[in-house]
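Engineer: Have a peek at entry34.txt (compact mmCIF, C-alpha atoms).
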```
# COMPACT_ATOMS: atom_id res chain seq x y z
CA MET N 1 110.43 110.16 110.44
CA GLY N 2 110.55 108.99 114.05
CA VAL N 3 113.29 106.63 115.15
CA MET N 4 112.40 103.59 117.20
CA LYS N 5 115.40 102.50 119.20
CA MET N 6 114.36 99.14 118.58
CA GLY N 7 115.64 94.07 114.23
CA GLN N 8 113.66 91.08 112.80
CA SER N 9 113.07 87.60 112.14
CA THR N 10 113.22 83.95 113.16
CA LYS N 11 111.57 82.00 115.88
CA HIS N 12 114.93 81.70 117.58
CA ALA N 13 117.68 84.17 118.22
CA PHE N 14 119.54 85.72 115.33
CA GLY N 15 122.59 83.94 116.66
CA LEU N 16 120.91 80.70 115.54
CA LEU N 17 119.65 82.26 112.34
CA CYS N 18 122.46 81.35 110.00
CA ALA N 19 122.69 77.79 111.31
CA GLY N 20 118.99 77.27 110.74
CA SER N 21 119.20 78.88 107.36
CA LEU N 22 121.96 76.56 106.25
CA MET N 23 119.57 73.69 106.90
CA LEU N 24 116.92 75.51 104.90
CA ALA N 25 119.39 76.08 102.11
CA ALA N 26 119.62 72.37 101.50
CA GLY N 27 115.92 72.32 100.72
CA LEU N 28 115.84 75.38 98.48
CA ALA N 29 117.13 74.57 95.03
CA SER N 30 119.08 77.36 93.38
CA GLY N 31 118.32 76.12 89.89
CA PRO N 32 120.70 75.55 86.99
CA ALA N 33 124.21 76.97 86.86
CA ARG N 34 124.32 80.56 85.70
CA ALA N 35 124.97 81.36 82.08
CA ASP N 36 127.36 84.13 81.13
CA GLY N 37 125.54 87.43 81.21
CA ASP N 38 122.70 86.24 83.45
CA VAL N 39 121.49 88.52 86.19
CA VAL N 40 120.88 86.30 89.22
CA PHE N 41 118.12 87.81 91.33
CA ALA N 42 117.35 86.25 94.71
CA CYS N 43 114.03 87.39 96.12
CA TYR N 44 110.93 86.19 97.94
CA GLY N 45 108.65 83.43 96.67
CA GLY N 46 104.86 83.35 96.51
CA THR N 47 102.97 86.37 95.27
CA VAL N 48 106.15 88.48 95.21
CA GLN N 49 107.76 86.06 92.77
CA GLN N 50 104.60 86.02 90.67
CA THR N 51 104.58 89.81 90.43
CA TYR N 52 108.23 90.00 89.43
CA GLU N 53 108.05 87.17 86.90
CA ARG N 54 104.80 88.35 85.35
CA PHE N 55 105.14 92.12 85.25
CA ILE N 56 108.72 93.22 85.89
CA ILE N 57 111.36 90.77 84.69
CA PRO N 58 109.96 90.31 81.14
CA ALA N 59 109.86 94.10 80.72
CA PHE N 60 113.43 94.40 82.00
CA GLU N 61 114.67 91.66 79.69
CA LYS N 62 112.94 93.26 76.72
CA ALA N 63 114.31 96.71 77.51
CA THR N 64 117.90 95.68 78.24
CA GLY N 65 118.55 92.35 76.53
CA ASN N 66 119.66 90.88 79.87
CA HIS N 67 118.39 87.52 81.02
CA VAL N 68 117.28 87.19 84.66
CA ARG N 69 117.38 84.00 86.71
CA TYR N 70 115.06 84.31 89.70
CA ILE N 71 115.91 82.36 92.86
CA PRO N 72 113.06 82.34 95.41
CA GLY N 73 113.75 82.13 99.12
CA VAL N 74 113.73 84.00 102.40
CA SER N 75 116.04 86.55 103.97
CA THR N 76 117.69 84.13 106.38
CA HIS N 77 118.52 81.68 103.60
CA PHE N 78 119.99 84.44 101.46
CA ILE N 79 122.24 85.58 104.31
CA SER N 80 123.53 82.06 104.88
CA GLN N 81 124.31 81.74 101.16
CA LEU N 82 126.13 85.07 101.08
CA GLN N 83 128.10 84.05 104.15
CA ALA N 84 129.16 80.80 102.51
CA GLN N 85 129.96 82.36 99.12
CA GLN N 86 131.61 85.67 99.99
CA THR N 87 134.52 85.23 97.57
CA LYS N 88 132.34 84.02 94.69
CA PRO N 89 128.67 84.75 95.39
CA GLU N 90 125.92 83.32 93.20
CA TYR N 91 123.63 86.34 93.47
CA ASP N 92 123.97 89.73 91.82
CA LEU N 93 120.91 91.37 93.39
CA VAL N 94 119.19 90.10 96.52
CA CYS N 95 116.02 91.01 98.45
CA MET N 96 116.07 91.01 102.23
CA ASP N 97 113.82 92.34 104.95
CA ASP N 98 115.31 95.39 106.60
CA GLY N 99 116.28 93.60 109.82
CA PRO N 100 118.42 90.85 108.26
CA GLN N 101 119.65 93.40 105.71
CA SER N 102 121.35 95.39 108.45
CA VAL N 103 123.16 92.22 109.53
CA ALA N 104 124.35 91.48 105.99
CA ALA N 105 125.54 95.06 105.59
CA GLY N 106 127.40 94.91 108.89
CA ARG N 107 129.18 91.75 107.77
CA GLY N 108 130.43 93.39 104.58
CA MET N 109 128.35 91.25 102.21
CA LEU N 110 126.77 94.13 100.30
CA GLU N 111 128.07 96.67 97.79
CA PRO N 112 127.04 100.28 98.56
CA ILE N 113 124.74 101.85 95.99
CA THR N 114 125.95 104.82 93.94
CA THR N 115 123.91 107.04 91.64
CA ALA N 116 126.51 106.42 88.94
CA ALA N 117 125.57 102.72 88.89
CA VAL N 118 121.90 103.20 89.86
CA PRO N 119 120.70 106.64 88.63
CA ASN N 120 117.15 106.20 89.97
CA PHE N 121 118.58 105.86 93.48
CA ALA N 122 118.80 109.66 93.47
CA ASP N 123 114.98 109.84 93.33
CA THR N 124 114.35 107.55 96.31
CA ILE N 125 113.11 108.96 99.59
CA PRO N 126 115.82 109.10 102.30
CA GLY N 127 113.84 106.84 104.61
CA ALA N 128 114.05 103.98 102.11
CA ARG N 129 117.85 103.90 102.07
CA GLY N 130 119.88 101.54 104.17
CA ALA N 131 122.69 102.77 106.40
CA GLY N 132 125.65 103.85 104.28
CA ASN N 133 123.50 103.34 101.15
CA SER N 134 123.97 99.61 101.69
CA GLY N 135 120.55 98.86 100.17
CA VAL N 136 117.23 100.43 99.29
CA GLY N 137 113.64 99.50 99.97
CA TYR N 138 111.55 98.80 96.89
CA GLY N 139 108.28 99.48 98.71
CA LEU N 140 106.99 100.92 101.97
CA LEU N 141 104.75 99.11 104.44
CA ALA N 142 103.46 100.16 107.84
CA MET N 143 102.94 97.78 110.74
CA GLY N 144 99.80 98.30 112.76
CA LEU N 145 96.57 96.72 113.92
CA VAL N 146 94.00 94.90 111.82
CA TYR N 147 90.49 93.89 112.79
CA SER N 148 87.32 92.29 111.47
CA PRO N 149 84.38 94.73 111.79
CA ASP N 150 81.92 91.83 111.61
CA ALA N 151 83.60 89.97 114.48
CA LEU N 152 83.85 93.05 116.68
CA ASN N 153 80.24 94.02 115.99
CA LYS N 154 79.14 90.52 116.90
CA ALA N 155 81.09 90.76 120.17
CA GLY N 156 79.85 94.29 120.85
CA VAL N 157 83.40 95.59 121.11
CA ALA N 158 84.73 98.96 119.93
CA ALA N 159 87.56 98.91 117.40
CA PRO N 160 91.17 99.15 118.60
CA GLN N 161 92.96 102.48 118.22
CA GLY N 162 96.40 101.82 119.67
CA TRP N 163 98.90 99.17 120.70
CA ASN N 164 97.78 99.28 124.33
CA ASP N 165 94.28 98.21 123.28
CA LEU N 166 95.71 94.72 122.83
CA ALA N 167 95.70 94.49 126.64
CA ASP N 168 92.28 96.11 127.12
CA LYS N 169 89.84 93.76 128.87
CA ARG N 170 87.20 94.31 126.17
CA PHE N 171 89.31 92.18 123.82
CA LYS N 172 89.30 89.07 126.03
CA GLY N 173 89.76 86.01 123.81
CA LEU N 174 89.63 88.07 120.60
CA VAL N 175 93.31 88.76 119.79
CA GLY N 176 95.59 86.76 117.53
CA MET N 177 99.17 87.43 118.61
CA PRO N 178 102.05 86.87 116.18
CA SER N 179 104.95 84.99 117.71
CA ILE N 180 108.27 86.66 118.56
CA GLY N 181 109.81 84.91 115.55
CA THR N 182 107.86 87.23 113.25
CA THR N 183 108.28 90.93 112.54
CA PRO N 184 104.72 91.68 113.79
CA GLY N 185 105.44 89.93 117.10
CA LEU N 186 108.73 91.76 117.52
CA PHE N 187 107.20 95.14 116.75
CA THR N 188 104.32 94.49 119.14
CA LEU N 189 106.80 93.99 121.96
CA LEU N 190 108.81 97.07 121.06
CA MET N 191 105.85 99.38 120.53
CA LEU N 192 104.26 98.26 123.80
CA ALA N 193 107.58 98.98 125.51
CA GLN N 194 107.95 102.39 123.87
CA SER N 195 104.37 103.46 124.54
CA ASN N 196 104.67 102.58 128.23
CA GLY N 197 107.87 104.40 129.12
CA GLY N 198 110.37 101.84 127.81
CA SER N 199 112.73 101.66 124.85
CA VAL N 200 114.99 99.27 122.99
CA GLU N 201 117.27 99.39 126.03
CA ASN N 202 114.38 98.70 128.43
CA VAL N 203 111.69 96.34 127.14
CA ASP N 204 110.37 95.50 130.61
CA PRO N 205 107.23 97.65 130.11
CA GLY N 206 106.54 95.80 126.86
CA PHE N 207 106.74 92.41 128.52
CA ALA N 208 104.58 93.62 131.39
CA LYS N 209 101.89 94.79 128.97
CA LEU N 210 102.07 91.53 127.00
CA LYS N 211 101.55 89.53 130.18
CA ALA N 212 98.55 91.72 130.97
CA ALA N 213 97.24 90.96 127.48
CA LYS N 214 97.44 87.15 127.85
CA PRO N 215 93.73 86.70 128.72
CA ASN N 216 92.91 88.45 125.44
CA ILE N 217 95.11 86.22 123.28
CA ALA N 218 93.18 83.43 121.62
CA GLU N 219 96.14 82.14 119.60
CA PHE N 220 99.87 82.64 119.06
CA SER N 221 100.93 81.94 115.50
CA ALA N 222 102.91 83.01 112.47
CA SER N 223 101.62 86.19 110.85
CA SER N 224 100.97 84.25 107.64
CA GLU N 225 98.16 82.40 109.43
CA MET N 226 96.38 85.51 110.68
CA SER N 227 94.30 86.12 107.57
CA LYS N 228 92.80 82.63 107.78
CA GLN N 229 92.07 83.01 111.49
CA LEU N 230 90.42 86.39 110.94
CA GLN N 231 88.37 85.05 108.04
CA GLN N 232 87.20 82.05 110.03
CA GLY N 233 86.25 84.21 113.02
CA ASP N 234 88.75 82.50 115.33
CA ILE N 235 90.12 85.95 116.21
CA ALA N 236 88.81 89.49 115.74
CA ALA N 237 92.00 91.57 115.87
CA SER N 238 95.71 91.12 115.24
CA VAL N 239 98.92 92.80 114.08
CA TRP N 240 99.64 93.08 110.36
CA THR N 241 100.85 95.51 107.69
CA ASN N 242 98.70 97.87 105.68
CA SER N 243 99.96 96.27 102.46
CA GLU N 244 99.06 92.72 103.47
CA THR N 245 95.66 93.91 104.63
CA ALA N 246 94.99 95.74 101.35
CA ARG N 247 96.09 92.76 99.24
CA PHE N 248 93.96 90.36 101.25
CA VAL N 249 90.86 92.52 100.99
CA LYS N 250 91.42 93.02 97.26
CA ARG N 251 91.92 89.29 96.67
CA THR N 252 89.10 87.92 98.84
CA GLY N 253 86.60 90.72 99.35
CA PHE N 254 86.59 89.84 103.06
CA PRO N 255 86.20 93.06 105.08
CA LEU N 256 89.20 93.89 107.25
CA VAL N 257 90.22 97.31 108.54
CA PHE N 258 93.81 98.45 109.10
CA VAL N 259 94.52 100.86 111.95
CA TYR N 260 97.57 103.12 112.27
CA PRO N 261 98.02 102.94 116.06
CA THR N 262 97.95 106.22 117.95
CA GLU N 263 101.39 105.49 119.42
CA GLY N 264 102.97 105.07 115.98
CA SER N 265 103.48 102.53 113.20
CA PRO N 266 106.88 100.94 112.52
CA ILE N 267 108.00 101.08 108.92
CA VAL N 268 108.64 97.74 107.18
CA MET N 269 110.70 97.51 104.00
CA PRO N 270 111.61 94.71 101.61
CA MET N 271 115.05 95.85 100.46
CA LEU N 272 117.09 95.47 97.28
CA ASN N 273 120.81 94.92 97.75
CA LEU N 274 123.81 94.71 95.43
CA VAL N 275 126.05 91.79 96.35
CA LYS N 276 129.73 92.43 96.95
CA ASN N 277 132.02 90.56 94.53
CA SER N 278 129.10 89.47 92.34
CA ALA N 279 129.74 88.02 88.89
CA ASN N 280 127.53 90.57 87.11
CA PRO N 281 127.53 93.82 89.10
CA LYS N 282 126.40 95.91 86.13
CA GLY N 283 123.45 93.61 85.50
CA GLY N 284 122.45 93.67 89.18
CA ALA N 285 122.65 97.46 89.25
CA ALA N 286 120.64 97.72 86.03
CA LEU N 287 117.85 95.55 87.46
CA MET N 288 117.80 97.57 90.68
CA ASN N 289 117.61 100.78 88.65
CA PHE N 290 114.71 99.36 86.64
CA ILE N 291 112.77 98.37 89.78
CA LEU N 292 113.24 101.87 91.23
CA SER N 293 111.93 103.55 88.08
CA GLU N 294 108.61 105.40 88.16
CA GLU N 295 107.02 102.88 85.80
CA ILE N 296 107.92 99.81 87.84
CA GLN N 297 107.16 101.51 91.13
CA MET N 298 103.64 101.98 89.79
CA VAL N 299 103.48 98.26 88.97
CA LEU N 300 104.41 97.44 92.56
CA VAL N 301 101.80 99.89 93.87
CA ARG N 302 99.08 98.22 91.81
CA GLU N 303 100.06 94.59 92.21
CA SER N 304 101.77 94.41 95.62
CA ARG N 305 100.03 97.36 97.30
CA VAL N 306 103.28 98.76 98.69
CA GLY N 307 103.98 102.46 98.94
CA PRO N 308 106.37 103.84 96.31
CA VAL N 309 109.94 104.75 97.29
CA ASN N 310 110.53 106.87 94.17
CA ALA N 311 109.59 110.41 95.21
CA LYS N 312 108.54 111.28 91.66
CA VAL N 313 105.65 108.79 91.67
CA LYS N 314 102.26 110.49 91.89
CA LEU N 315 99.23 108.44 92.85
CA THR N 316 95.53 109.05 92.46
CA PRO N 317 93.49 108.89 95.68
CA GLU N 318 92.15 105.51 94.55
CA LEU N 319 95.62 104.03 94.08
CA ALA N 320 96.92 105.59 97.29
CA ASP N 321 94.08 104.20 99.39
CA GLY N 322 95.35 101.76 101.99
CA ILE N 323 99.09 102.14 101.31
CA THR N 324 101.94 104.23 102.73
CA TYR N 325 102.20 107.25 100.45
CA GLY N 326 103.00 110.94 100.80
CA ASP N 327 105.17 113.01 103.11
CA ALA N 328 102.51 113.30 105.82
CA ALA N 329 101.97 109.53 106.06
CA ILE N 330 105.68 108.69 105.86
CA SER N 331 106.67 111.25 108.49
CA LYS N 332 104.44 109.51 111.05
CA LEU N 333 106.16 106.15 110.66
CA VAL N 334 108.65 104.89 113.22
CA LYS N 335 111.95 103.76 111.74
CA PRO N 336 113.42 100.80 113.66
CA ASP N 337 117.02 100.92 114.84
CA TRP N 338 117.88 97.47 113.51
CA ALA N 339 121.49 97.53 114.70
CA ALA N 340 120.32 98.00 118.29
CA ILE N 341 117.53 95.45 117.91
CA ASN N 342 119.67 92.69 116.46
CA LYS N 343 122.06 92.86 119.42
CA GLN N 344 119.27 91.96 121.85
CA ARG N 345 116.95 89.81 119.79
CA ALA N 346 118.22 86.52 121.21
CA ALA N 347 117.59 87.55 124.81
CA TRP N 348 114.12 88.91 123.93
CA THR N 349 113.22 85.66 122.19
CA ASP N 350 114.24 83.56 125.19
CA ARG N 351 112.31 85.82 127.53
CA TRP N 352 109.19 85.80 125.32
CA ASN N 353 109.21 82.01 125.23
CA ARG N 354 109.54 81.84 129.03
CA GLU N 355 107.14 84.60 130.07
CA VAL N 356 104.62 85.17 127.27
CA GLU N 357 104.11 82.23 124.92
CA ARG N 358 104.01 79.16 127.10
```
Take the structure in this file and express it as structure tokens.
Structural biologist:
Amino acid sequence: MGVMKMGQSTKHAFGLLCAGSLMLAAGLASGPARADGDVVFACYGGTVQQTYERFIIPAFEKATGNHVRYIPGVSTHFISQLQAQQTKPEYDLVCMDDGPQSVAAGRGMLEPITTAAVPNFADTIPGARGAGNSGVGYGLLAMGLVYSPDALNKAGVAAPQGWNDLADKRFKGLVGMPSIGTTPGLFTLLMLAQSNGGSVENVDPGFAKLKAAKPNIAEFSASSEMSKQLQQGDIAASVWTNSETARFVKRTGFPLVFVYPTEGSPIVMPMLNLVKNSANPKGGAALMNFILSEEIQMVLVRESRVGPVNAKVKLTPELADGITYGDAAISKLVKPDWAAINKQRAAWTDRWNREVER
């Protein structure tokens, strides 16, 4: 797997992240006080929560006799809570995107995973494991380009093949660009830098290419809005993950095509993490082990359209279509260097806001 010397997430610098998240925390109810024996699982809301509460948690509770309390939220909120509760944390198991996860691990908030506590961890692919076994991805996604064939045909424009196509004059007014506060926006900057002679230490080529792409950009927005803009024909191409594209097409029937850019696709992982000093470490480890099992990995493939991290999972061509699966596909992904990225994210955000999105 390639290594991108390149972090993640919020519209402002990560230095402001925890402060902003503390404000968010006030608006995210944690629910009732935990009962003895509960496994407190903090993970994403929306369709992720629906998948866990419909297909995974009931099966876990039936198989183990444990009761799970699910707390929905976002990575930044979870980090702020862990920071505030380090001596007596509320969570036993927590989901975080891989960028914020590296920050939590670096701050000593997470308990390293062992195969004694989580036997199925032994079956996970190495690329899914956090540094020092600090966490593990529960699914694999690839970041790349997405486009509407109908919109491009109407405009008489050939489909994009690589990151640099975002600055090609044929896409004038057709591109939806995710903001720097999103993972797609961040990866666009870094991949444009890398594919034009730069790196995480030198993002100047990425900013130069983004400025060249400005005539092509119809809108800057959060990645969550891209599907609506593509469906309405406001834009014809954008940056998204293969998983989100596959789920959207499955749910709506609207034709979108995902492209693995010729210069490479960054890997994106939602990660499971054991919380240091948690009240129920055995319960948290048991739930993690259950999620990493072959059976539940198949559930996540079907329902969330993420690639499996358990190497024993075998998929039919139909199930594998549109997701990150198999050694050949995984070996082509670029693994971000989140530690290096997080150090410079604040400066990149300020520069983006001054030079690109204004």
Engineer: Between CA of Gly144 in chain N and CA of Met96 in chain N, what is the distance, to one decimal in Å?
Structural biologist: 20.7 Å
Engineer: Pick out the closest residue to Leu300 in chain N from this set: N:Lys209, N:Lys154, N:Arg54, N:Lys172. Count all atoms listed in the file.
Structural biologist: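 Closest residue, counting all atoms listed in the file: N:Arg54.
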Engineer: What is the distance between CA of Pro58 in chain N and CA of Val39 in chain N, in Å to one decimal?
Structural biologist: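 Computing it gives 12.7 Å between the two atoms.
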Engineer: Range 272-277 of chain N: which residues within 9 Å, counting all atoms listed in the file, same-chain residues fewer than 5 positions away excluded, as a PyMOL selection string?
Structural biologist: chain N and resi 43+82+86-89+91-97+101+108-113+134-138+284-285+288
Engineer: With all atoms listed in the file as the counted atoms, please give the residues lying no more than 12 Å from range 193-204 of chain N, apart from itself and same-chain residues fewer than 6 positions off, as a JSON list (two decimals) with C-alpha atoms, in the frame of the given file.
Structural biologist:
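Below is the file that was written, selection.json:
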```json
[["chain", "number", "residue", "atom", "x", "y", "z"],
["N", 3, "VAL", "CA", 113.29, 106.63, 115.15],
["N", 4, "MET", "CA", 112.40, 103.59, 117.20],
["N", 5, "LYS", "CA", 115.40, 102.50, 119.20],
["N", 6, "MET", "CA", 114.36, 99.14, 118.58],
["N", 7, "GLY", "CA", 115.64, 94.07, 114.23],
["N", 162, "GLY", "CA", 96.40, 101.82, 119.67],
["N", 163, "TRP", "CA", 98.90, 99.17, 120.70],
["N", 164, "ASN", "CA", 97.78, 99.28, 124.33],
["N", 165, "ASP", "CA", 94.28, 98.21, 123.28],
["N", 186, "LEU", "CA", 108.73, 91.76, 117.52],
["N", 187, "PHE", "CA", 107.20, 95.14, 116.75],
["N", 210, "LEU", "CA", 102.07, 91.53, 127.00],
["N", 211, "LYS", "CA", 101.55, 89.53, 130.18],
["N", 261, "PRO", "CA", 98.02, 102.94, 116.06],
["N", 262, "THR", "CA", 97.95, 106.22, 117.95],
["N", 263, "GLU", "CA", 101.39, 105.49, 119.42],
["N", 264, "GLY", "CA", 102.97, 105.07, 115.98],
["N", 265, "SER", "CA", 103.48, 102.53, 113.20],
["N", 266, "PRO", "CA", 106.88, 100.94, 112.52],
["N", 334, "VAL", "CA", 108.65, 104.89, 113.22],
["N", 336, "PRO", "CA", 113.42, 100.80, 113.66],
["N", 337, "ASP", "CA", 117.02, 100.92, 114.84],
["N", 338, "TRP", "CA", 117.88, 97.47, 113.51],
["N", 339, "ALA", "CA", 121.49, 97.53, 114.70],
["N", 340, "ALA", "CA", 120.32, 98.00, 118.29],
["N", 341, "ILE", "CA", 117.53, 95.45, 117.91],
["N", 342, "ASN", "CA", 119.67, 92.69, 116.46],
["N", 343, "LYS", "CA", 122.06, 92.86, 119.42],
["N", 344, "GLN", "CA", 119.27, 91.96, 121.85],
["N", 345, "ARG", "CA", 116.95, 89.81, 119.79],
["N", 347, "ALA", "CA", 117.59, 87.55, 124.81],
["N", 348, "TRP", "CA", 114.12, 88.91, 123.93],
["N", 349, "THR", "CA", 113.22, 85.66, 122.19],
["N", 351, "ARG", "CA", 112.31, 85.82, 127.53],
["N", 352, "TRP", "CA", 109.19, 85.80, 125.32],
["N", 355, "GLU", "CA", 107.14, 84.60, 130.07]]
```
Engineer: In Å, rounded to a single decimal, give me how far CA of Gly233 in chain N is from CA of Met177 in chain N.
Structural biologist: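 Result for CA of Met177 in chain N versus CA of Gly233 in chain N: 14.4 Å, one decimal.
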Engineer: Given the choices N:Met269, N:Ala167, N:Met226, N:Ile71, which gets closest to Val306 in chain N if the distance is worked out from only C-alpha atoms?
Structural biologist: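 Going through N:Met269, N:Ala167, N:Met226, N:Ile71 one by one, the smallest distance to Val306 in chain N is for N:Met269.
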Engineer: Show me, as number ranges by chain, the residues that have an atom within 7 Å of Pro308 in chain N when counting all atoms listed in the file, minus same-chain residues fewer than 3 positions from it.
Structural biologist: N: 139-140, 297, 301, 313, 325
Engineer: Need the shell around Ala151 in chain N: protein/DNA/RNA residues with any atom at most 10 Å away, counting all atoms listed in the file. Skip same-chain ones fewer than 3 positions apart. Format as a PDB file with C-alpha atoms, keeping the file's coordinate frame?
Structural biologist:
```pdb
ATOM      1  CA  TYR N 147      90.490  93.890 112.790  1.00  0.00           C
ATOM      2  CA  SER N 148      87.320  92.290 111.470  1.00  0.00           C
ATOM      3  CA  LYS N 154      79.140  90.520 116.900  1.00  0.00           C
ATOM      4  CA  ALA N 155      81.090  90.760 120.170  1.00  0.00           C
ATOM      5  CA  GLY N 156      79.850  94.290 120.850  1.00  0.00           C
ATOM      6  CA  VAL N 157      83.400  95.590 121.110  1.00  0.00           C
ATOM      7  CA  LEU N 174      89.630  88.070 120.600  1.00  0.00           C
ATOM      8  CA  LEU N 230      90.420  86.390 110.940  1.00  0.00           C
ATOM      9  CA  GLN N 231      88.370  85.050 108.040  1.00  0.00           C
ATOM     10  CA  GLN N 232      87.200  82.050 110.030  1.00  0.00           C
ATOM     11  CA  GLY N 233      86.250  84.210 113.020  1.00  0.00           C
ATOM     12  CA  ASP N 234      88.750  82.500 115.330  1.00  0.00           C
ATOM     13  CA  ILE N 235      90.120  85.950 116.210  1.00  0.00           C
ATOM     14  CA  ALA N 236      88.810  89.490 115.740  1.00  0.00           C
ATOM     15  CA  ALA N 237      92.000  91.570 115.870  1.00  0.00           C
ATOM     16  CA  LEU N 256      89.200  93.890 107.250  1.00  0.00           C
TER      17      LEU N 256
END
```
Engineer: Which residue is closest to Gly176 in chain N? Choose from N:Ala59, N:Val268, N:Val239, N:Ala117 and count all atoms listed in the file.
Structural biologist: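 Ranking N:Ala59, N:Val268, N:Val239, N:Ala117 by distance to Gly176 in chain N, first place goes to N:Val239.
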Engineer: I need the residue nearest Glu225 in chain N from this list: N:Ser293, N:Arg247, N:Phe60, N:Ser179. Use all atoms listed in the file for the distance.
Structural biologist: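 The shortest atom-to-atom distance to Glu225 in chain N comes from N:Ser179.
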Engineer: Which one of N:Leu315, N:Ile180, N:Ala212, N:Ile125 sits closest to Asn353 in chain N if you count all atoms listed in the file?
Structural biologist: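 Of all the options, N:Ile180 lies closest to Asn353 in chain N.
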Engineer: Considering all atoms listed in the file, return as a PyMOL selection string whatever protein or nucleic-acid residues lie within 10 Å of Asn242 in chain N, sequence-local ones (same chain, fewer than 2 positions apart) excluded.
Structural biologist: chain N and resi 140-146+239-240+244-248+257-260+305-307+322-324
Engineer: Taking into account all atoms listed in the file, which residue in the set N:Gly130, N:Pro149, N:Gly73, N:Gly206 is nearest to Pro255 in chain N?
Structural biologist: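 Closest residue, counting all atoms listed in the file: N:Pro149.
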Engineer: Using all atoms listed in the file, can you list as a CSV table (one decimal) with C-alpha atoms, in the frame of the given file the residues within 10 Å of (127.0, 84.1, 105.6)?
Structural biologist:
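Final output, point.csv:
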```
chain,number,residue,atom,x,y,z
N,18,CYS,CA,122.5,81.4,110.0
N,19,ALA,CA,122.7,77.8,111.3
N,21,SER,CA,119.2,78.9,107.4
N,22,LEU,CA,122.0,76.6,106.2
N,76,THR,CA,117.7,84.1,106.4
N,77,HIS,CA,118.5,81.7,103.6
N,78,PHE,CA,120.0,84.4,101.5
N,79,ILE,CA,122.2,85.6,104.3
N,80,SER,CA,123.5,82.1,104.9
N,81,GLN,CA,124.3,81.7,101.2
N,82,LEU,CA,126.1,85.1,101.1
N,83,GLN,CA,128.1,84.0,104.2
N,84,ALA,CA,129.2,80.8,102.5
N,85,GLN,CA,130.0,82.4,99.1
N,86,GLN,CA,131.6,85.7,100.0
N,103,VAL,CA,123.2,92.2,109.5
N,104,ALA,CA,124.4,91.5,106.0
N,107,ARG,CA,129.2,91.8,107.8
N,108,GLY,CA,130.4,93.4,104.6
N,109,MET,CA,128.4,91.2,102.2
```
